[in-house]
>>> print(open('entry.tsv').read())   # TSV, C-alpha atoms
chain	number	residue	atom	x	y	z
A	1	MET	CA	15.56	-32.56	-10.98
A	2	LEU	CA	18.43	-30.33	-12.08
A	3	ILE	CA	17.93	-26.58	-12.04
A	4	ASP	CA	17.54	-25.24	-15.57
A	5	TRP	CA	18.71	-21.63	-15.37
A	6	THR	CA	18.08	-21.07	-19.08
A	7	PHE	CA	14.38	-21.78	-18.47
A	8	MET	CA	14.18	-18.50	-16.53
A	9	ALA	CA	14.89	-16.62	-19.77
A	10	SER	CA	12.38	-18.63	-21.82
A	11	PRO	CA	9.41	-16.89	-23.49
A	12	ARG	CA	7.03	-18.76	-21.14
A	13	ILE	CA	8.66	-17.32	-18.02
A	14	MET	CA	9.18	-13.84	-19.46
A	15	GLY	CA	5.61	-13.57	-20.69
A	16	ALA	CA	4.16	-14.74	-17.39
A	17	MET	CA	6.37	-12.38	-15.36
A	18	LEU	CA	5.38	-9.40	-17.50
A	19	ALA	CA	1.69	-10.26	-17.18
A	20	GLY	CA	2.04	-10.69	-13.43
A	21	LEU	CA	4.08	-7.52	-13.06
A	22	LYS	CA	1.36	-5.53	-14.82
A	23	LEU	CA	-1.26	-6.55	-12.26
A	24	THR	CA	1.18	-6.15	-9.37
A	25	LEU	CA	1.87	-2.58	-10.49
A	26	ILE	CA	-1.82	-1.81	-10.89
A	27	VAL	CA	-2.57	-2.99	-7.34
A	28	THR	CA	0.54	-1.32	-5.94
A	29	ILE	CA	0.04	2.08	-7.58
A	30	GLY	CA	-3.70	2.17	-6.92
A	31	SER	CA	-3.30	1.11	-3.29
A	32	ALA	CA	-0.32	3.39	-2.64
A	33	ILE	CA	-2.07	6.51	-3.94
A	34	ALA	CA	-5.31	5.76	-2.09
A	35	ALA	CA	-3.45	4.84	1.12
A	36	MET	CA	-1.44	8.08	1.03
A	37	VAL	CA	-4.61	10.15	0.61
A	38	ILE	CA	-6.61	8.32	3.30
A	39	GLY	CA	-3.60	8.05	5.62
A	40	THR	CA	-2.93	11.78	5.36
A	41	GLY	CA	-6.54	12.55	6.25
A	42	LEU	CA	-6.41	10.17	9.21
A	43	ALA	CA	-3.15	11.68	10.45
A	44	PHE	CA	-4.59	15.18	10.41
A	45	LEU	CA	-7.71	13.94	12.19
A	46	THR	CA	-5.59	12.24	14.84
A	47	THR	CA	-3.59	15.41	15.50
A	48	GLY	CA	-6.53	17.76	15.03
A	49	ARG	CA	-8.73	19.49	17.57
A	50	SER	CA	-11.94	17.63	16.78
A	51	ARG	CA	-12.57	14.98	19.44
A	52	LEU	CA	-14.93	13.06	17.16
A	53	GLY	CA	-12.36	13.14	14.34
A	54	ARG	CA	-9.61	11.86	16.64
A	55	ARG	CA	-11.82	9.03	17.89
A	56	PHE	CA	-12.76	7.98	14.38
A	57	ALA	CA	-9.13	7.97	13.21
A	58	GLU	CA	-7.94	6.10	16.31
A	59	VAL	CA	-10.60	3.39	15.90
A	60	TYR	CA	-9.84	3.04	12.17
A	61	VAL	CA	-6.11	2.69	12.80
A	62	ALA	CA	-6.62	0.27	15.68
A	63	ILE	CA	-8.86	-2.00	13.58
A	64	PHE	CA	-6.84	-2.16	10.39
A	65	ARG	CA	-3.44	-2.38	12.08
A	66	ASN	CA	-4.56	-5.45	14.02
A	67	VAL	CA	-6.75	-7.36	11.53
A	68	PRO	CA	-4.76	-9.59	9.12
A	69	LEU	CA	-4.78	-8.40	5.51
A	70	LEU	CA	-5.99	-11.82	4.35
A	71	VAL	CA	-9.10	-11.49	6.53
A	72	VAL	CA	-9.80	-8.02	5.15
A	73	LEU	CA	-9.28	-9.28	1.60
A	74	PHE	CA	-11.71	-12.18	2.04
A	75	PHE	CA	-14.22	-9.88	3.73
A	76	ILE	CA	-14.12	-7.48	0.79
A	77	TYR	CA	-14.08	-10.16	-1.90
A	78	PHE	CA	-16.90	-12.30	-0.49
A	79	GLY	CA	-18.81	-9.57	1.34
A	80	MET	CA	-19.00	-6.85	-1.29
A	81	PRO	CA	-21.66	-8.67	-3.37
A	82	ASP	CA	-23.95	-8.65	-0.29
A	83	PHE	CA	-23.51	-4.93	0.41
A	84	LEU	CA	-23.31	-3.87	-3.25
A	85	PRO	CA	-25.39	-6.41	-5.22
A	86	PRO	CA	-24.10	-7.17	-8.73
A	87	ARG	CA	-27.53	-6.46	-10.23
A	88	ASP	CA	-27.37	-2.88	-8.89
A	89	PHE	CA	-23.63	-2.30	-9.42
A	90	PRO	CA	-22.70	-4.46	-12.43
A	91	PHE	CA	-19.68	-2.27	-13.28
A	92	LEU	CA	-17.91	-3.50	-10.12
A	93	TYR	CA	-18.05	-7.18	-11.04
A	94	GLY	CA	-16.38	-7.46	-14.41
A	95	THR	CA	-13.09	-9.12	-15.23
A	96	SER	CA	-11.26	-6.71	-12.89
A	97	TYR	CA	-13.26	-7.54	-9.74
A	98	GLU	CA	-10.31	-9.38	-8.16
A	99	THR	CA	-8.07	-6.40	-8.87
A	100	LEU	CA	-10.58	-3.99	-7.32
A	101	ALA	CA	-11.00	-6.16	-4.22
A	102	ALA	CA	-7.22	-6.41	-3.78
A	103	ILE	CA	-6.77	-2.63	-4.13
A	104	ILE	CA	-9.51	-1.90	-1.58
A	105	ALA	CA	-8.19	-4.43	0.95
A	106	VAL	CA	-4.55	-3.37	0.67
A	107	THR	CA	-5.59	0.30	0.82
A	108	LEU	CA	-7.61	-0.15	4.01
A	109	VAL	CA	-4.71	-1.81	5.80
A	110	ALA	CA	-1.88	0.32	4.38
A	111	SER	CA	-3.66	3.62	5.11
A	112	ALA	CA	-3.67	2.78	8.83
A	113	PHE	CA	0.11	2.33	8.83
A	114	VAL	CA	0.65	5.43	6.68
A	115	ALA	CA	-1.47	7.42	9.13
A	116	GLU	CA	0.77	6.35	12.02
A	117	VAL	CA	3.92	7.28	10.10
A	118	LEU	CA	2.53	10.74	9.34
A	119	ARG	CA	1.15	11.22	12.85
A	120	ALA	CA	4.55	10.49	14.34
A	121	GLY	CA	6.12	12.93	11.90
A	122	ILE	CA	3.67	15.69	12.76
A	123	GLU	CA	4.17	15.17	16.49
A	124	ALA	CA	7.96	15.26	15.99
A	125	VAL	CA	7.72	18.96	15.10
A	126	PRO	CA	8.61	20.86	18.32
A	127	ALA	CA	5.54	22.04	20.24
A	128	GLY	CA	7.14	25.45	20.72
A	129	GLN	CA	6.69	26.13	17.03
A	130	ILE	CA	2.92	25.88	17.49
A	131	GLU	CA	3.07	28.58	20.14
A	132	ALA	CA	5.29	30.73	17.93
A	133	SER	CA	2.94	30.38	14.96
A	134	GLU	CA	-0.05	31.32	17.12
A	135	ALA	CA	1.85	34.35	18.40
A	136	LEU	CA	2.44	35.38	14.79
A	137	GLY	CA	-1.25	35.05	14.05
A	138	LEU	CA	-0.98	32.08	11.68
A	139	THR	CA	-4.10	30.02	11.12
A	140	ARG	CA	-3.86	26.27	11.69
A	141	ARG	CA	-3.94	25.67	7.93
A	142	ARG	CA	-1.08	28.10	7.29
A	143	TYR	CA	0.83	26.64	10.22
A	144	PHE	CA	0.68	23.17	8.66
A	145	ARG	CA	1.56	24.49	5.21
A	146	LEU	CA	4.39	26.84	6.19
A	147	VAL	CA	5.82	25.21	9.32
A	148	VAL	CA	4.92	21.53	9.49
A	149	LEU	CA	5.09	20.33	5.88
A	150	PRO	CA	8.66	21.56	5.13
A	151	GLN	CA	9.91	19.66	8.19
A	152	LEU	CA	7.56	16.69	7.81
A	153	LEU	CA	8.81	15.21	4.54
A	154	PRO	CA	12.42	14.48	5.63
A	155	ILE	CA	11.05	12.84	8.79
A	156	VAL	CA	8.41	10.60	7.21
A	157	LEU	CA	9.99	9.61	3.87
A	158	PRO	CA	11.88	6.57	5.29
A	159	GLY	CA	8.67	5.29	6.88
A	160	LEU	CA	6.66	5.92	3.72
A	161	CYS	CA	9.29	4.04	1.73
A	162	ASN	CA	8.85	1.03	4.00
A	163	GLU	CA	5.07	1.17	3.69
A	164	THR	CA	5.25	1.40	-0.11
A	165	ILE	CA	7.47	-1.69	-0.22
A	166	ASN	CA	5.02	-3.42	2.13
A	167	ILE	CA	2.22	-2.60	-0.31
A	168	VAL	CA	4.17	-4.31	-3.09
A	169	LYS	CA	4.62	-7.40	-0.93
A	170	ASN	CA	1.02	-7.35	0.28
A	171	SER	CA	-0.21	-7.34	-3.31
A	172	THR	CA	0.77	-11.03	-3.43
A	173	TYR	CA	-2.23	-11.86	-1.23
A	174	GLY	CA	-4.33	-11.24	-4.31
A	175	MET	CA	-3.38	-14.71	-5.53
A	176	THR	CA	-5.71	-16.18	-2.90
A	177	ILE	CA	-8.73	-14.75	-4.75
A	178	GLY	CA	-7.45	-15.59	-8.23
A	179	LEU	CA	-5.60	-12.37	-9.06
A	180	ALA	CA	-3.01	-13.32	-11.68
A	181	GLU	CA	-0.14	-11.33	-10.17
A	182	LEU	CA	3.49	-12.44	-10.01
A	183	ILE	CA	3.20	-15.27	-7.47
A	184	TRP	CA	0.05	-16.62	-9.12
A	185	GLN	CA	1.89	-16.68	-12.45
A	186	ALA	CA	4.86	-18.47	-10.89
A	187	GLN	CA	2.57	-21.12	-9.40
A	188	GLN	CA	0.88	-21.65	-12.76
A	189	ILE	CA	4.26	-22.23	-14.38
A	190	GLU	CA	5.19	-24.68	-11.63
A	191	ALA	CA	1.93	-26.60	-12.15
A	192	GLU	CA	2.49	-26.80	-15.91
A	193	THR	CA	6.23	-27.47	-16.07
A	194	PHE	CA	7.24	-28.66	-12.57
A	195	ARG	CA	9.90	-25.92	-12.65
A	196	GLY	CA	8.83	-24.33	-9.39
A	197	PHE	CA	12.30	-23.27	-8.29
A	198	GLU	CA	13.02	-21.46	-11.54
A	199	ALA	CA	9.59	-19.81	-11.59
A	200	MET	CA	9.83	-18.58	-8.00
A	201	THR	CA	13.40	-17.40	-8.57
A	202	ALA	CA	12.21	-15.33	-11.54
A	203	ALA	CA	9.38	-13.85	-9.46
A	204	THR	CA	11.83	-13.08	-6.65
A	205	LEU	CA	14.14	-11.22	-9.01
A	206	VAL	CA	11.23	-9.15	-10.32
A	207	PHE	CA	10.21	-8.22	-6.76
A	208	LEU	CA	13.80	-7.32	-5.88
A	209	CYS	CA	14.07	-5.04	-8.92
A	210	LEU	CA	10.69	-3.42	-8.23
A	211	ASN	CA	11.36	-2.80	-4.55
A	212	GLY	CA	14.91	-1.71	-5.32
A	213	ALA	CA	13.55	0.94	-7.69
A	214	ILE	CA	11.16	2.16	-4.98
A	215	PHE	CA	14.02	2.34	-2.47
A	216	LEU	CA	16.19	4.33	-4.87
A	217	ALA	CA	13.33	6.72	-5.67
A	218	PHE	CA	12.68	7.44	-1.98
A	219	SER	CA	16.41	7.78	-1.31
A	220	GLY	CA	16.53	10.46	-3.99
A	221	LEU	CA	13.56	12.24	-2.42
A	222	GLU	CA	15.21	12.09	1.01
A	223	LYS	CA	18.32	13.79	-0.38
A	224	ALA	CA	16.21	16.41	-2.17
A	225	PHE	CA	14.14	17.29	0.92
A	226	ARG	CA	16.86	16.85	3.53
A	227	LEU	CA	16.92	19.70	6.00
A	228	PRO	CA	20.14	21.79	6.02
>>> encode(input="entry.tsv", output="structure tokens")
Amino acid sequence: MLIDWTFMASPRIMGAMLAGLKLTLIVTIGSAIAAMVIGTGLAFLTTGRSRLGRRFAEVYVAIFRNVPLLVVLFFIYFGMPDFLPPRDFPFLYGTSYETLAAIIAVTLVASAFVAEVLRAGIEAVPAGQIEASEALGLTRRRYFRLVVLPQLLPIVLPGLCNETINIVKNSTYGMTIGLAELIWQAQQIEAETFRGFEAMTAATLVFLCLNGAIFLAFSGLEKAFRLP
């Protein structure tokens, strides 16, 4: 079968890609925000003084860095109804249940990697600055706000950029539970028209544009927060 490049610009392809992109963005944005919040908390626990907090964060990171995302996704999708029965939590099981399960699964895994990026950034700040801040009478909270954070962002932004792009790519696992994201849409087009190459090429271009925009955004942030 000859490749029909004009098919990639057809209303069928364009409509499917837009519909898939919408769900991909929902999963990506929701997971990225949640992962940044949870990952930040885990990083501070890991570098904090509480032994119990460090243990909890270390166990969390060890589990979700080593368990495949697909396993986590299936566990959430098939296990949530047992822990949170639909009759008691009907609002969780509407038409967006697949989206919610994908966001939770991607968040759990991504937050572990974000925590490691932030932990490494915090530990990259010279230890002598801790002693200097204590000599000046700074509390631990003020030390993090005035000393660590201004130096942390330039260090961790490249790693956070990589993790955000990974979140975009990991959102494709949602197709395994029926989430109609970009790859699911491309497969539907292939099943209907037998134009799998064109459909996957269109999905690839969308992913390249999306991840390229993320890369450019983080590059701009790196320049803005670069240390003199």
>>> atom_distance(input="entry.tsv", atom1="CA of Val156 in chain A", atom2="CA of Val61 in chain A")
17.5 Å
>>> residues_around(input="entry.tsv", residues="range 7-24 of chain A", least_positions_apart="6", cutoff="7 Å", atoms="only C-alpha atoms", output="MDAnalysis selection string")
chainID A and resid 171 180:182 185 198:199 202:203
>>> atom_distance(input="entry.tsv", atom1="CA of Pro158 in chain A", atom2="CA of Ala124 in chain A")
14.3 Å
>>> closest_residue(input="entry.tsv", among="A:Glu116, A:Asp88, A:Glu192, A:Glu123", to="Gly39 in chain A", atoms="all atoms listed in the file")
A:Glu116
>>> closest_residue(input="entry.tsv", among="A:Ala135, A:Ile189, A:Ala43, A:Ile214", to="Val114 in chain A", atoms="all atoms listed in the file")
A:Ala43
>>> closest_atom_pairs(input="entry.tsv", of="range 30-63 of chain A", to="range 160-169 of chain A", cutoff="12 Å", atoms="all atoms listed in the file", output="JSON lines")
{"residue": "A:Gly30", "atom": "CA", "partner": "A:Ile167", "partner_atom": "CA", "distance": 10.1}
{"residue": "A:Ser31", "atom": "CA", "partner": "A:Ile167", "partner_atom": "CA", "distance": 7.3}
{"residue": "A:Ala32", "atom": "CA", "partner": "A:Thr164", "partner_atom": "CA", "distance": 6.4}
{"residue": "A:Ile33", "atom": "CA", "partner": "A:Thr164", "partner_atom": "CA", "distance": 9.7}
{"residue": "A:Ala34", "atom": "CA", "partner": "A:Ile167", "partner_atom": "CA", "distance": 11.4}
{"residue": "A:Ala35", "atom": "CA", "partner": "A:Thr164", "partner_atom": "CA", "distance": 9.4}
{"residue": "A:Met36", "atom": "CA", "partner": "A:Leu160", "partner_atom": "CA", "distance": 8.8}
{"residue": "A:Gly39", "atom": "CA", "partner": "A:Leu160", "partner_atom": "CA", "distance": 10.6}
{"residue": "A:Thr40", "atom": "CA", "partner": "A:Leu160", "partner_atom": "CA", "distance": 11.4}
>>> residues_around(input="entry.tsv", residues="Gly121 in chain A", least_positions_apart="3", cutoff="8 Å", atoms="all atoms listed in the file", output="ChimeraX atom specification")
/A:117-118,124-125,152,155-156
>>> atom_distance(input="entry.tsv", atom1="CA of Ala57 in chain A", atom2="CA of Leu73 in chain A")
20.8 Å
>>> residues_near_point(input="entry.tsv", point="(-2.5, 25.1, 11.6)", cutoff="12 Å", atoms="all atoms listed in the file", output="ChimeraX atom specification")
/A:44,47-49,122,129-134,136-149
>>> closest_residue(input="entry.tsv", among="A:Ile76, A:Leu153, A:Ile38, A:Met175", to="Phe113 in chain A", atoms="all atoms listed in the file")
A:Ile38
>>> residues_around(input="entry.tsv", residues="Val67 in chain A", least_positions_apart="4", cutoff="12 Å", atoms="only C-alpha atoms", output="ChimeraX atom specification")
/A:60-63,71-75,105-106,108-110,112
>>> closest_residue(input="entry.tsv", among="A:Ser96, A:Trp5, A:Glu58, A:Leu52", to="Gly178 in chain A", atoms="only C-alpha atoms")
A:Ser96
>>> closest_residue(input="entry.tsv", among="A:Lys223, A:Arg119, A:Arg87, A:Arg195", to="Asp4 in chain A", atoms="all atoms listed in the file")
A:Arg195
>>> decode(input="entry.tsv", residues="range 83-116 of chain A", atoms="N, CA and C atoms", output="CSV table (one decimal), in the first residue's frame")
chain,number,residue,atom,x,y,z
A,83,PHE,N,-11.2,-1.1,46.8
A,83,PHE,CA,-10.8,-0.3,48.0
A,83,PHE,C,-11.8,0.8,48.1
A,84,LEU,N,-12.3,1.4,47.0
A,84,LEU,CA,-13.3,2.4,47.0
A,84,LEU,C,-14.5,2.0,46.2
A,85,PRO,N,-15.4,1.3,46.8
A,85,PRO,CA,-16.5,0.7,46.0
A,85,PRO,C,-17.4,1.7,45.3
A,86,PRO,N,-17.8,1.4,44.1
A,86,PRO,CA,-18.6,2.4,43.3
A,86,PRO,C,-19.8,2.8,44.0
A,87,ARG,N,-20.4,2.0,44.8
A,87,ARG,CA,-21.7,2.3,45.4
A,87,ARG,C,-21.5,3.4,46.5
A,88,ASP,N,-20.3,3.5,47.0
A,88,ASP,CA,-19.9,4.5,48.1
A,88,ASP,C,-19.3,5.7,47.5
A,89,PHE,N,-18.6,5.5,46.3
A,89,PHE,CA,-17.9,6.7,45.7
A,89,PHE,C,-18.3,6.7,44.2
A,90,PRO,N,-19.6,6.9,43.9
A,90,PRO,CA,-20.0,6.9,42.5
A,90,PRO,C,-19.4,8.0,41.7
A,91,PHE,N,-18.9,9.1,42.3
A,91,PHE,CA,-18.4,10.2,41.5
A,91,PHE,C,-17.0,9.9,40.9
A,92,LEU,N,-16.4,8.8,41.4
A,92,LEU,CA,-15.1,8.4,40.8
A,92,LEU,C,-15.2,7.5,39.6
A,93,TYR,N,-16.4,7.0,39.3
A,93,TYR,CA,-16.5,6.0,38.3
A,93,TYR,C,-17.4,6.4,37.1
A,94,GLY,N,-17.3,7.7,36.8
A,94,GLY,CA,-18.1,8.2,35.6
A,94,GLY,C,-17.3,7.9,34.3
A,95,THR,N,-17.6,8.8,33.4
A,95,THR,CA,-16.9,8.6,32.0
A,95,THR,C,-15.4,8.9,32.1
A,96,SER,N,-15.0,9.6,33.2
A,96,SER,CA,-13.6,10.0,33.3
A,96,SER,C,-12.8,9.1,34.2
A,97,TYR,N,-13.3,7.9,34.5
A,97,TYR,CA,-12.6,7.0,35.4
A,97,TYR,C,-11.2,6.6,34.8
A,98,GLU,N,-11.2,6.3,33.5
A,98,GLU,CA,-9.9,5.9,32.9
A,98,GLU,C,-8.9,7.1,33.0
A,99,THR,N,-9.4,8.3,32.8
A,99,THR,CA,-8.5,9.5,33.0
A,99,THR,C,-8.0,9.6,34.4
A,100,LEU,N,-8.9,9.4,35.4
A,100,LEU,CA,-8.4,9.5,36.8
A,100,LEU,C,-7.4,8.4,37.1
A,101,ALA,N,-7.7,7.2,36.7
A,101,ALA,CA,-6.7,6.1,36.9
A,101,ALA,C,-5.4,6.4,36.3
A,102,ALA,N,-5.4,6.9,35.1
A,102,ALA,CA,-4.1,7.2,34.4
A,102,ALA,C,-3.3,8.3,35.2
A,103,ILE,N,-4.0,9.3,35.6
A,103,ILE,CA,-3.4,10.4,36.3
A,103,ILE,C,-2.8,9.9,37.6
A,104,ILE,N,-3.5,9.1,38.4
A,104,ILE,CA,-3.0,8.6,39.7
A,104,ILE,C,-1.8,7.7,39.4
A,105,ALA,N,-1.9,6.8,38.5
A,105,ALA,CA,-0.7,5.9,38.2
A,105,ALA,C,0.5,6.7,37.8
A,106,VAL,N,0.3,7.6,36.8
A,106,VAL,CA,1.5,8.3,36.3
A,106,VAL,C,2.1,9.2,37.5
A,107,THR,N,1.2,9.8,38.3
A,107,THR,CA,1.6,10.6,39.4
A,107,THR,C,2.5,9.8,40.4
A,108,LEU,N,2.0,8.7,40.8
A,108,LEU,CA,2.7,7.9,41.7
A,108,LEU,C,4.1,7.5,41.3
A,109,VAL,N,4.3,7.2,40.0
A,109,VAL,CA,5.6,6.8,39.5
A,109,VAL,C,6.4,8.1,39.3
A,110,ALA,N,5.9,9.1,38.7
A,110,ALA,CA,6.6,10.3,38.4
A,110,ALA,C,7.1,11.0,39.6
A,111,SER,N,6.3,11.0,40.7
A,111,SER,CA,6.7,11.7,41.9
A,111,SER,C,7.9,11.1,42.5
A,112,ALA,N,8.1,9.8,42.3
A,112,ALA,CA,9.3,9.2,42.9
A,112,ALA,C,10.6,9.7,42.2
A,113,PHE,N,10.5,9.9,40.8
A,113,PHE,CA,11.6,10.4,40.1
A,113,PHE,C,11.9,11.9,40.3
A,114,VAL,N,10.8,12.6,40.4
A,114,VAL,CA,10.9,14.0,40.8
A,114,VAL,C,11.6,14.2,42.1
A,115,ALA,N,11.2,13.4,43.1
A,115,ALA,CA,11.8,13.5,44.4
A,115,ALA,C,13.3,13.3,44.4
A,116,GLU,N,13.7,12.3,43.5
A,116,GLU,CA,15.2,12.1,43.4
A,116,GLU,C,15.9,13.2,42.7
